[in-house]
>>> print(open('model02.txt').read())   # compact mmCIF, C-alpha atoms
# COMPACT_ATOMS: atom_id res chain seq x y z
CA MET A 14 218.90 -30.36 156.78
CA ALA A 15 219.74 -34.05 156.87
CA HIS A 16 219.96 -36.03 160.07
CA LYS A 17 223.29 -35.35 161.78
CA ALA A 18 225.32 -38.51 162.22
CA HIS A 19 228.21 -39.07 164.59
CA SER A 20 231.75 -38.11 163.62
CA ALA A 21 233.53 -40.68 165.78
CA ARG A 22 232.90 -44.30 166.68
CA PRO A 23 229.96 -44.01 169.11
CA ALA A 24 229.83 -45.56 172.54
CA ARG A 25 227.27 -48.33 172.30
CA ALA A 26 224.58 -48.27 174.92
CA ALA A 27 223.36 -51.71 173.91
CA ALA A 28 224.70 -54.66 171.96
CA LYS A 29 224.22 -54.58 168.20
CA ALA A 30 223.08 -57.56 166.15
CA LEU A 31 226.62 -58.42 165.00
CA ASP A 32 228.59 -57.28 168.03
CA GLY A 33 231.62 -59.53 168.47
CA ILE A 34 231.84 -60.39 164.77
CA ARG A 35 235.03 -59.22 163.07
CA VAL A 36 235.01 -58.81 159.31
CA LEU A 37 238.23 -58.67 157.31
CA ASP A 38 237.14 -56.49 154.40
CA MET A 39 239.39 -56.99 151.37
CA THR A 40 236.90 -55.44 148.97
CA HIS A 41 237.07 -52.38 146.77
CA VAL A 42 234.89 -50.20 144.52
CA GLN A 43 231.15 -50.92 145.14
CA SER A 44 229.86 -54.50 145.25
CA GLY A 45 232.01 -55.59 148.20
CA PRO A 46 232.07 -52.31 150.16
CA SER A 47 228.28 -52.06 149.96
CA ALA A 48 228.04 -55.47 151.64
CA THR A 49 230.61 -54.81 154.36
CA GLN A 50 229.07 -51.41 155.11
CA LEU A 51 225.76 -53.14 155.87
CA LEU A 52 227.60 -55.59 158.14
CA ALA A 53 229.22 -52.64 159.92
CA TRP A 54 225.83 -50.98 160.35
CA LEU A 55 224.57 -54.20 161.92
CA GLY A 56 227.36 -53.91 164.49
CA ALA A 57 230.25 -55.93 163.08
CA ASP A 58 233.81 -54.65 163.49
CA VAL A 59 234.76 -54.21 159.83
CA VAL A 60 238.48 -53.82 159.22
CA LYS A 61 239.00 -52.61 155.67
CA LEU A 62 242.34 -53.86 154.38
CA GLU A 63 243.65 -51.62 151.61
CA ALA A 64 246.81 -51.55 149.56
CA PRO A 65 249.11 -48.71 150.66
CA THR A 66 247.73 -46.73 147.70
CA GLY A 67 244.17 -47.21 148.96
CA ASP A 68 240.85 -48.26 147.48
CA ILE A 69 240.81 -46.83 143.95
CA THR A 70 237.49 -45.07 144.60
CA ARG A 71 239.12 -42.76 147.16
CA LYS A 72 240.39 -40.80 144.14
CA GLN A 73 237.62 -41.43 141.62
CA LEU A 74 234.93 -38.87 140.74
CA ARG A 75 236.30 -36.38 143.26
CA ASP A 76 234.30 -33.23 143.91
CA LEU A 77 237.02 -31.77 146.17
CA PRO A 78 240.77 -31.96 145.50
CA ASP A 79 242.92 -34.25 147.66
CA VAL A 80 239.97 -35.46 149.74
CA ASP A 81 238.32 -38.90 149.71
CA SER A 82 235.59 -38.90 147.08
CA LEU A 83 231.90 -39.30 147.82
CA TYR A 84 232.15 -42.55 145.87
CA PHE A 85 234.35 -43.86 148.69
CA THR A 86 232.79 -42.16 151.71
CA MET A 87 229.25 -43.28 150.87
CA LEU A 88 230.26 -46.96 150.70
CA ASN A 89 232.67 -47.22 153.61
CA CYS A 90 231.03 -45.73 156.67
CA ASN A 91 231.49 -47.37 160.08
CA LYS A 92 234.69 -49.21 159.08
CA ARG A 93 238.29 -49.13 160.24
CA SER A 94 241.06 -48.83 157.64
CA ILE A 95 244.46 -50.51 157.64
CA THR A 96 246.99 -50.70 154.82
CA LEU A 97 248.99 -53.77 153.88
CA ASN A 98 251.04 -54.87 150.89
CA THR A 99 250.05 -58.52 150.72
CA LYS A 100 252.69 -59.23 148.05
CA THR A 101 255.49 -58.96 150.63
CA GLU A 102 256.46 -61.83 152.93
CA ARG A 103 255.79 -59.79 156.08
CA GLY A 104 252.50 -58.68 154.54
CA LYS A 105 251.48 -62.31 154.05
CA GLU A 106 252.38 -63.08 157.66
CA LEU A 107 250.26 -60.22 158.93
CA LEU A 108 247.38 -61.20 156.63
CA THR A 109 247.59 -64.72 158.05
CA GLU A 110 247.22 -63.31 161.55
CA LEU A 111 244.30 -61.12 160.51
CA ILE A 112 242.54 -64.14 158.98
CA ARG A 113 243.15 -66.09 162.18
CA ARG A 114 241.44 -63.38 164.23
CA SER A 115 238.44 -62.79 161.91
CA ASP A 116 234.98 -64.33 161.71
CA VAL A 117 234.32 -63.24 158.15
CA MET A 118 236.56 -62.45 155.19
CA VAL A 119 235.12 -60.74 152.12
CA GLU A 120 236.85 -60.11 148.78
CA ASN A 121 235.88 -59.07 145.27
CA PHE A 122 239.16 -59.39 143.39
CA GLY A 123 239.35 -60.98 139.95
CA PRO A 124 238.99 -64.78 139.74
CA GLY A 125 241.95 -66.55 141.38
CA ALA A 126 243.62 -63.39 142.70
CA VAL A 127 243.48 -64.41 146.36
CA ASP A 128 244.62 -67.93 145.49
CA ARG A 129 247.65 -66.44 143.75
CA MET A 130 248.50 -64.55 146.94
CA GLY A 131 248.91 -67.98 148.53
CA PHE A 132 245.56 -67.96 150.30
CA THR A 133 243.44 -70.70 148.79
CA TRP A 134 240.24 -71.73 150.53
CA GLU A 135 242.08 -74.81 151.82
CA ARG A 136 244.85 -72.63 153.27
CA ILE A 137 242.36 -70.21 154.79
CA GLN A 138 240.55 -73.13 156.45
CA GLU A 139 243.85 -74.30 157.92
CA ILE A 140 244.46 -70.85 159.39
CA ASN A 141 240.92 -70.47 160.75
CA PRO A 142 238.40 -73.32 160.40
CA ARG A 143 235.60 -71.08 161.71
CA ILE A 144 235.96 -68.31 159.15
CA VAL A 145 233.21 -67.48 156.66
CA TYR A 146 234.97 -66.62 153.39
CA ALA A 147 232.75 -64.66 151.01
CA SER A 148 233.68 -63.88 147.41
CA ILE A 149 231.97 -61.66 144.87
CA LYS A 150 232.71 -62.42 141.25
CA GLY A 151 231.23 -61.24 138.00
CA PHE A 152 230.12 -64.67 136.85
CA GLY A 153 229.91 -68.29 137.89
CA ASP A 154 232.03 -71.10 136.54
CA GLY A 155 231.82 -71.45 132.77
CA PRO A 156 232.53 -69.49 129.60
CA TYR A 157 232.01 -66.11 131.28
CA THR A 158 234.24 -66.71 134.31
CA ASP A 159 237.11 -64.48 133.24
CA PHE A 160 235.01 -61.67 131.75
CA LYS A 161 235.64 -58.33 133.43
CA ALA A 162 232.54 -57.48 135.43
CA TYR A 163 231.12 -54.01 135.82
CA GLU A 164 227.72 -52.79 136.98
CA VAL A 165 226.16 -52.46 133.54
CA VAL A 166 227.87 -55.59 132.21
CA ALA A 167 226.08 -57.53 134.96
CA GLN A 168 222.81 -55.80 134.05
CA ALA A 169 223.39 -56.69 130.40
CA MET A 170 224.05 -60.36 131.11
CA GLY A 171 221.54 -60.85 133.92
CA GLY A 172 218.35 -60.02 132.00
CA SER A 173 217.85 -56.43 133.11
CA MET A 174 218.87 -54.45 130.02
CA ALA A 175 216.99 -56.61 127.53
CA THR A 176 213.76 -55.92 129.43
CA THR A 177 214.34 -52.23 130.27
CA GLY A 178 213.35 -49.42 127.92
CA PHE A 179 210.68 -48.83 125.32
CA GLU A 180 209.70 -51.27 122.60
CA ASP A 181 211.12 -49.16 119.79
CA GLY A 182 214.30 -48.15 121.65
CA PRO A 183 217.62 -49.71 122.64
CA PRO A 184 218.19 -51.76 125.80
CA LEU A 185 218.73 -49.48 128.80
CA ALA A 186 220.64 -49.65 132.07
CA THR A 187 218.73 -48.93 135.25
CA GLY A 188 219.86 -46.18 137.60
CA ALA A 189 219.57 -48.61 140.51
CA GLN A 190 222.94 -50.31 140.99
CA ILE A 191 221.51 -53.81 140.92
CA GLY A 192 224.77 -55.30 139.65
CA ASP A 193 227.01 -53.91 142.41
CA SER A 194 224.96 -52.95 145.47
CA GLY A 195 222.31 -55.52 144.54
CA THR A 196 224.98 -58.21 144.68
CA GLY A 197 226.24 -56.78 147.97
CA ILE A 198 222.86 -57.37 149.61
CA HIS A 199 222.85 -60.97 148.37
CA VAL A 200 226.33 -61.43 149.87
CA VAL A 201 225.16 -60.13 153.24
CA ALA A 202 222.35 -62.70 153.22
CA GLY A 203 224.83 -65.49 152.46
CA ILE A 204 227.25 -64.36 155.19
CA LEU A 205 224.53 -64.13 157.83
CA ALA A 206 223.26 -67.60 156.89
CA ALA A 207 226.80 -69.02 157.14
CA LEU A 208 227.34 -67.39 160.54
CA PHE A 209 224.05 -68.87 161.73
CA GLN A 210 224.98 -72.34 160.47
CA ARG A 211 228.35 -72.04 162.21
CA GLU A 212 226.47 -71.94 165.51
CA SER A 213 225.51 -75.58 165.01
CA THR A 214 228.46 -76.91 162.98
CA GLY A 215 231.29 -74.98 164.59
CA ARG A 216 232.92 -74.35 161.22
CA GLY A 217 232.89 -71.68 158.57
CA GLN A 218 232.20 -72.08 154.88
CA ARG A 219 232.58 -70.48 151.46
CA VAL A 220 230.00 -68.01 150.25
CA ASN A 221 230.05 -67.23 146.53
CA VAL A 222 227.82 -64.71 144.79
CA ALA A 223 228.17 -63.73 141.14
CA MET A 224 226.93 -60.36 139.94
CA GLN A 225 225.22 -61.91 136.91
CA HIS A 226 223.38 -64.31 139.20
CA ALA A 227 222.24 -61.55 141.57
CA VAL A 228 220.85 -59.49 138.68
CA LEU A 229 219.07 -62.55 137.30
CA ASN A 230 217.51 -63.18 140.70
CA LEU A 231 216.14 -59.63 140.61
CA CYS A 232 214.80 -60.24 137.08
CA ARG A 233 212.99 -63.48 137.83
CA VAL A 234 209.55 -62.13 136.85
CA LYS A 235 210.87 -61.60 133.33
CA LEU A 236 211.82 -65.28 133.17
CA ARG A 237 208.31 -66.00 134.44
CA ASP A 238 207.00 -64.07 131.43
CA GLN A 239 209.43 -65.78 129.05
CA GLN A 240 207.77 -69.09 129.90
CA ARG A 241 204.26 -67.62 129.68
CA LEU A 242 205.00 -66.53 126.10
CA VAL A 243 204.66 -70.16 125.02
CA HIS A 244 200.92 -69.72 125.47
CA GLY A 245 200.64 -66.50 123.48
CA PRO A 246 200.98 -62.71 123.87
CA LEU A 247 201.16 -61.22 127.35
CA ALA A 248 197.91 -59.31 127.73
CA GLU A 249 199.09 -57.06 130.57
CA TYR A 250 201.94 -55.71 128.41
CA PRO A 251 201.08 -52.66 126.24
CA ASN A 252 203.12 -54.04 123.32
CA ASP A 253 201.44 -54.74 120.00
CA ASP A 254 203.89 -57.36 118.78
CA PHE A 255 205.39 -60.38 120.56
CA GLY A 256 208.16 -62.59 119.27
CA ASP A 257 209.80 -65.45 121.14
CA GLU A 258 211.32 -63.31 123.91
CA VAL A 259 209.99 -60.89 126.52
CA PRO A 260 209.88 -57.41 124.94
CA ARG A 261 210.83 -54.11 126.48
CA SER A 262 207.60 -52.59 127.72
CA GLY A 263 208.41 -49.07 128.86
CA ASN A 264 206.86 -48.25 132.23
CA ALA A 265 204.35 -51.10 132.28
CA SER A 266 204.16 -52.67 135.71
CA GLY A 267 204.50 -56.19 134.34
CA GLY A 268 202.30 -57.43 137.16
CA GLY A 269 198.67 -58.32 137.60
CA GLN A 270 197.58 -54.66 137.79
CA PRO A 271 198.41 -52.30 134.89
CA GLY A 272 200.48 -49.21 135.69
CA TRP A 273 202.13 -46.32 133.87
CA ALA A 274 203.91 -43.03 134.51
CA VAL A 275 201.59 -40.19 133.45
CA LYS A 276 202.71 -36.63 132.75
CA CYS A 277 201.90 -33.77 135.09
CA ALA A 278 202.20 -29.99 134.93
CA PRO A 279 204.33 -28.07 134.18
CA GLY A 280 205.93 -30.84 132.12
CA GLY A 281 209.44 -31.03 133.53
CA PRO A 282 211.62 -34.15 133.19
CA ASN A 283 210.35 -35.60 136.48
CA ASP A 284 206.82 -34.18 136.49
CA TYR A 285 205.21 -37.61 136.42
CA VAL A 286 203.13 -39.76 138.74
CA TYR A 287 203.10 -43.52 138.47
CA VAL A 288 199.51 -44.81 138.60
CA ILE A 289 198.25 -48.36 139.01
CA VAL A 290 194.69 -49.10 137.93
CA GLN A 291 193.15 -51.77 140.13
CA PRO A 292 189.63 -53.00 139.31
CA VAL A 293 188.23 -51.17 142.34
CA GLY A 294 190.00 -47.98 141.29
CA TRP A 295 188.54 -47.63 137.82
CA LYS A 296 185.28 -45.93 138.83
CA PRO A 297 186.91 -43.20 140.98
CA ILE A 298 189.51 -42.64 138.24
CA THR A 299 186.78 -42.05 135.66
CA GLU A 300 185.24 -39.46 137.98
CA LEU A 301 188.58 -37.72 138.57
CA ILE A 302 189.35 -37.46 134.87
CA GLY A 303 185.87 -36.16 134.07
CA ARG A 304 184.77 -39.25 132.14
CA PRO A 305 182.31 -40.94 134.56
CA GLU A 306 180.45 -42.57 131.65
CA LEU A 307 183.43 -44.89 131.13
CA ALA A 308 182.87 -46.57 134.50
CA ASP A 309 180.05 -48.72 133.16
CA ALA A 310 180.70 -48.60 129.41
CA PRO A 311 181.02 -52.21 128.18
CA GLU A 312 184.32 -51.51 126.39
CA TRP A 313 185.87 -50.10 129.60
CA ALA A 314 184.01 -51.51 132.60
CA THR A 315 186.06 -54.64 133.28
CA PRO A 316 189.80 -55.32 133.57
CA GLU A 317 189.51 -57.75 130.65
CA ALA A 318 187.93 -55.06 128.48
CA ARG A 319 190.61 -52.53 129.39
CA LEU A 320 193.63 -54.78 128.79
CA PRO A 321 193.64 -54.48 124.96
CA GLN A 322 193.57 -50.68 125.22
CA LEU A 323 195.97 -49.90 128.05
CA THR A 324 197.72 -47.21 126.03
CA LYS A 325 194.44 -45.40 125.40
CA MET A 326 193.43 -45.78 129.06
CA PHE A 327 196.59 -44.09 130.32
CA GLN A 328 196.28 -41.40 127.63
CA LEU A 329 192.88 -40.52 129.08
CA ILE A 330 194.34 -40.34 132.57
CA GLU A 331 197.24 -38.24 131.30
CA GLU A 332 194.89 -35.72 129.68
CA TRP A 333 193.72 -34.98 133.23
CA SER A 334 197.04 -35.32 135.09
CA SER A 335 198.97 -33.10 132.67
CA THR A 336 196.89 -30.10 133.78
CA LEU A 337 197.91 -30.45 137.45
CA PRO A 338 201.19 -30.45 139.43
CA LYS A 339 202.28 -33.95 140.42
CA TRP A 340 201.72 -33.36 144.13
CA GLU A 341 198.10 -32.38 143.46
CA VAL A 342 197.63 -35.43 141.24
CA LEU A 343 199.08 -37.53 144.04
CA GLU A 344 196.73 -35.97 146.61
CA GLN A 345 193.64 -36.58 144.53
CA LEU A 346 194.56 -40.16 143.67
CA ASN A 347 195.41 -40.99 147.27
CA ALA A 348 192.10 -39.54 148.42
CA HIS A 349 190.48 -42.40 146.49
CA ASN A 350 193.00 -44.98 147.68
CA ILE A 351 194.43 -45.42 144.17
CA PRO A 352 198.00 -46.82 144.23
CA CYS A 353 200.36 -44.16 142.94
CA GLY A 354 203.66 -42.46 143.55
CA PRO A 355 205.39 -39.34 142.25
CA ILE A 356 208.59 -39.67 140.27
CA LEU A 357 211.05 -38.18 142.74
CA SER A 358 214.21 -36.63 141.33
CA THR A 359 217.54 -37.08 143.10
CA LYS A 360 217.24 -33.45 144.32
CA GLU A 361 213.79 -34.12 145.74
CA ILE A 362 215.01 -37.30 147.42
CA ILE A 363 218.03 -35.71 149.07
CA GLU A 364 215.75 -32.94 150.40
CA ASP A 365 212.85 -35.22 151.40
CA SER A 366 211.92 -34.58 155.03
CA SER A 367 210.40 -38.04 155.54
CA LEU A 368 213.58 -39.75 154.31
CA VAL A 369 215.59 -37.53 156.65
CA ALA A 370 213.24 -38.36 159.53
CA ASN A 371 213.64 -42.06 158.78
CA GLU A 372 217.45 -41.65 158.71
CA MET A 373 217.64 -42.78 155.10
CA VAL A 374 219.20 -39.46 154.11
CA VAL A 375 221.91 -38.78 156.66
CA GLU A 376 224.47 -36.03 157.11
CA VAL A 377 227.86 -37.29 158.29
CA THR A 378 230.79 -35.31 159.67
CA HIS A 379 234.08 -36.11 157.93
CA PRO A 380 237.50 -35.05 159.28
CA GLU A 381 238.70 -33.61 155.96
CA ARG A 382 235.70 -32.74 153.79
CA GLY A 383 233.57 -31.31 156.62
CA THR A 384 230.25 -33.05 156.04
CA PHE A 385 228.71 -35.22 153.38
CA THR A 386 225.25 -36.60 152.84
CA THR A 387 224.79 -40.32 152.43
CA VAL A 388 222.14 -43.01 152.28
CA GLY A 389 221.44 -44.54 155.68
CA SER A 390 220.71 -48.14 156.51
CA PRO A 391 217.53 -49.56 154.98
CA LEU A 392 217.64 -52.35 157.59
CA LYS A 393 215.74 -51.21 160.66
CA LEU A 394 216.15 -53.53 163.67
CA SER A 395 214.36 -52.63 166.89
CA ASP A 396 217.21 -53.85 169.11
CA SER A 397 220.10 -52.85 166.86
CA PRO A 398 219.83 -49.19 165.86
CA VAL A 399 222.35 -47.83 163.37
CA ASP A 400 224.72 -44.96 164.10
CA VAL A 401 226.21 -43.84 160.79
CA VAL A 402 229.88 -43.02 161.35
CA THR A 403 232.26 -41.39 158.90
CA SER A 404 234.37 -43.47 156.54
CA PRO A 405 237.98 -43.94 157.68
CA LEU A 406 241.00 -42.12 156.32
CA LEU A 407 243.53 -44.33 154.54
CA GLY A 408 245.42 -46.38 157.13
CA GLU A 409 243.77 -44.47 159.96
CA HIS A 410 243.70 -47.54 162.17
CA ASN A 411 247.10 -49.05 161.39
CA GLU A 412 248.47 -48.42 164.86
CA GLU A 413 245.24 -49.43 166.56
CA VAL A 414 245.16 -52.80 164.75
CA PHE A 415 248.81 -53.72 164.18
CA VAL A 416 250.17 -52.48 167.52
CA GLY A 417 247.12 -52.53 169.77
CA GLU A 418 245.65 -55.84 168.57
CA LEU A 419 248.35 -57.79 166.75
CA GLY A 420 251.05 -56.81 169.25
CA LEU A 421 253.63 -55.28 166.88
CA ARG A 422 256.11 -52.85 168.41
CA ASP A 423 256.00 -49.18 167.46
CA GLU A 424 259.48 -49.52 165.99
CA GLU A 425 258.40 -52.34 163.65
CA LEU A 426 255.36 -50.34 162.58
CA ARG A 427 257.63 -47.48 161.52
CA LEU A 428 259.89 -49.95 159.71
CA LEU A 429 256.95 -51.54 157.91
CA LYS A 430 255.84 -48.13 156.73
CA SER A 431 259.29 -47.12 155.46
CA ASN A 432 259.64 -50.49 153.67
CA GLY A 433 256.28 -50.11 151.93
CA VAL A 434 254.64 -53.04 153.73
CA ILE A 435 251.89 -50.80 155.13
>>> encode(input="model02.txt", output="structure tokens")
Amino acid sequence: MAHKAHSARPARAAAKALDGIRVLDMTHVQSGPSATQLLAWLGADVVKLEAPTGDITRKQLRDLPDVDSLYFTMLNCNKRSITLNTKTERGKELLTELIRRSDVMVENFGPGAVDRMGFTWERIQEINPRIVYASIKGFGDGPYTDFKAYEVVAQAMGGSMATTGFEDGPPLATGAQIGDSGTGIHVVAGILAALFQRESTGRGQRVNVAMQHAVLNLCRVKLRDQQRLVHGPLAEYPNDDFGDEVPRSGNASGGGQPGWAVKCAPGGPNDYVYVIVQPVGWKPITELIGRPELADAPEWATPEARLPQLTKMFQLIEEWSSTLPKWEVLEQLNAHNIPCGPILSTKEIIEDSSLVANEMVVEVTHPERGTFTTVGSPLKLSDSPVDVVTSPLLGEHNEEVFVGELGLRDEELRLLKSNGVI
């Protein structure tokens, strides 16, 4: 059973890292919401501004009819939701007031969309000189600016797909959402830096992160290897042929120590253990696989000798590992301090007791769907613990924000709703 999270905004016994920071969250889908959710977990008051129809992901990939999807709930915990039609004059007035009262504004609309609403960076600065205005776009300025950006498009154009997969196969997307959630983490870093700088300058600033740029940052070691190719083949890669670009190299570690995923019994799709062969680990590995004579054999004894025959080396290890369950392989390798890790399936991860104990797999109570399981905060601060709270219903906090904080009368709130402004 996953860790039980709170179902209502918890009373805070102690200040959180971002207590007192208000975030106007004008993001949707994944890249932006992943960023603002982290800010909420760090203690910011995140007010998610949605069109009256709501974030599109509320209705996407639903597993239950007429209930917010897991796509939405797992990216929007700990936030408040208000609705506003920013195309109306009253909507623009209310947005102006929300900007005035916020420390951070985050958006991931298409290029120029917020400007066309009448809220250029210059106008936003006039409304609130202290605001940090963060934008997520697909690409930077240039020929790609107006391309539509999606997760795998960013992977394709940021260097990930060209270097993922096997040498004789097509480029592959990674299951990790490095284009969307990876960009979100970069945005959080930029926002926190801007808030810190505001302490000395007294003013806010623009924060821009492009999805292509974030993916490229995560692929920097492949650009390292692109430059190393000038001096010849990359010995730590298992590939036989090298052209003028970094090849796809399967499960090779790509680092200083060779690694590979070796099969285990009974041979299911995730019955693998990833093994890294350090120089100090070669001798115990030869003993485990029943080939102790290879420890001192000239053609195997040194890392330099093993590099040209990495494929054969991992085949020898796999002949041993394929006879044992992956958890037994793991136990034996760990007993000799050999770096390794089992390939954990999504089912194994969601049921992993250590991840539950570390509050990385968390069960959250939701007012309409009952409960859902989500990924908790990977940021662990000793003085700012995270209480994962359910995602908000659409417009759940309209009265709380518009009446309680902006001072609108109940009668106007009803009028705004009937006129389609909220």
>>> residues_around(input="model02.txt", residues="A:Asp32", least_positions_apart="6", cutoff="9 Å", atoms="all atoms listed in the file", output="tab-separated table (two decimals) with C-alpha atoms, keeping the file's coordinate frame")
chain	number	residue	atom	x	y	z
A	55	LEU	CA	224.57	-54.20	161.92
A	56	GLY	CA	227.36	-53.91	164.49
A	57	ALA	CA	230.25	-55.93	163.08
A	58	ASP	CA	233.81	-54.65	163.49
>>> atom_distance(input="model02.txt", atom1="atom CA of A:Pro338", atom2="atom CA of A:Met326")
20.1 Å
>>> closest_residue(input="model02.txt", among="A:Leu74, A:Leu392, A:Leu368, A:Leu426", to="A:Ile198", atoms="all atoms listed in the file")
A:Leu392
>>> closest_residue(input="model02.txt", among="A:Arg382, A:Arg71, A:Arg427, A:Lys29", to="A:His41", atoms="only C-alpha atoms")
A:Arg71
>>> closest_residue(input="model02.txt", among="A:Glu425, A:Asp254, A:Asp193, A:Glu300", to="A:Tyr163", atoms="all atoms listed in the file")
A:Asp193
>>> residues_around(input="model02.txt", residues="A:Asn98", least_positions_apart="5", cutoff="10 Å", atoms="all atoms listed in the file", output="list in words")
Leu62, Glu63, Ala64, Pro65, Thr66, Arg103, Gly104, Lys105, Leu107, Leu108, Leu429, Gly433, Val434 and Ile435 of chain A
>>> closest_residue(input="model02.txt", among="A:Asp365, A:Lys150, A:Asn283, A:Ile112", to="A:Gly125", atoms="all atoms listed in the file")
A:Lys150
>>> closest_residue(input="model02.txt", among="A:Ser335, A:Thr86, A:Ala318, A:Gln138", to="A:Thr386", atoms="all atoms listed in the file")
A:Thr86
>>> atom_distance(input="model02.txt", atom1="atom CA of A:Glu331", atom2="atom CA of A:Gln270")
17.7 Å
>>> residues_around(input="model02.txt", residues="A:Val60", least_positions_apart="4", cutoff="8 Å", atoms="all atoms listed in the file", output="list in words")
Arg35, Val36, Leu37, Asp38, Lys92, Arg93, Ser94 and Ile95 of chain A
>>> closest_residue(input="model02.txt", among="A:Val145, A:Ala189, A:Ser334, A:Leu51", to="A:Ile204", atoms="only C-alpha atoms")
A:Val145
>>> atom_distance(input="model02.txt", atom1="atom CA of A:Glu139", atom2="atom CA of A:Leu421")
23.2 Å
>>> closest_atom_pairs(input="model02.txt", of="stretch 237-325 of chain A", to="stretch 357-364 of chain A", cutoff="10 Å", atoms="only C-alpha atoms", output="Markdown table")
| residue | atom | partner | partner_atom | distance |
| --- | --- | --- | --- | --- |
| A:Pro282 | CA | A:Ser358 | CA | 8.9 |
| A:Asn283 | CA | A:Ser358 | CA | 6.3 |
| A:Asp284 | CA | A:Leu357 | CA | 8.5 |
| A:Tyr285 | CA | A:Leu357 | CA | 8.6 |
| A:Val286 | CA | A:Leu357 | CA | 9.0 |
>>> residues_around(input="model02.txt", residues="stretch 213-225 of chain A", least_positions_apart="5", cutoff="6 Å", atoms="all atoms listed in the file", output="list in words")
Pro142, Arg143, Ile144, Val145, Tyr146, Ala147, Ser148, Ile149, Lys150, Gly151, Phe152, Gly153, Ala167, Gly171, Gly192 and Thr196 of chain A
>>> axis_aligned_box(input="model02.txt", around="stretch 61-67 of chain A", padding_each_side="5 Å", output="AutoDock Vina command-line options")
--center_x 244.1 --center_y -50.3 --center_z 151.7 --size_x 20.1 --size_y 17.1 --size_z 18.0
>>> residues_near_point(input="model02.txt", point="(228.0, -55.9, 153.5)", cutoff="8 Å", atoms="only C-alpha atoms", output="list of chain:residue names")
A:Gly45, A:Pro46, A:Ser47, A:Ala48, A:Thr49, A:Gln50, A:Leu51, A:Leu52, A:Ala53, A:Gly197, A:Ile198, A:Val200, A:Val201
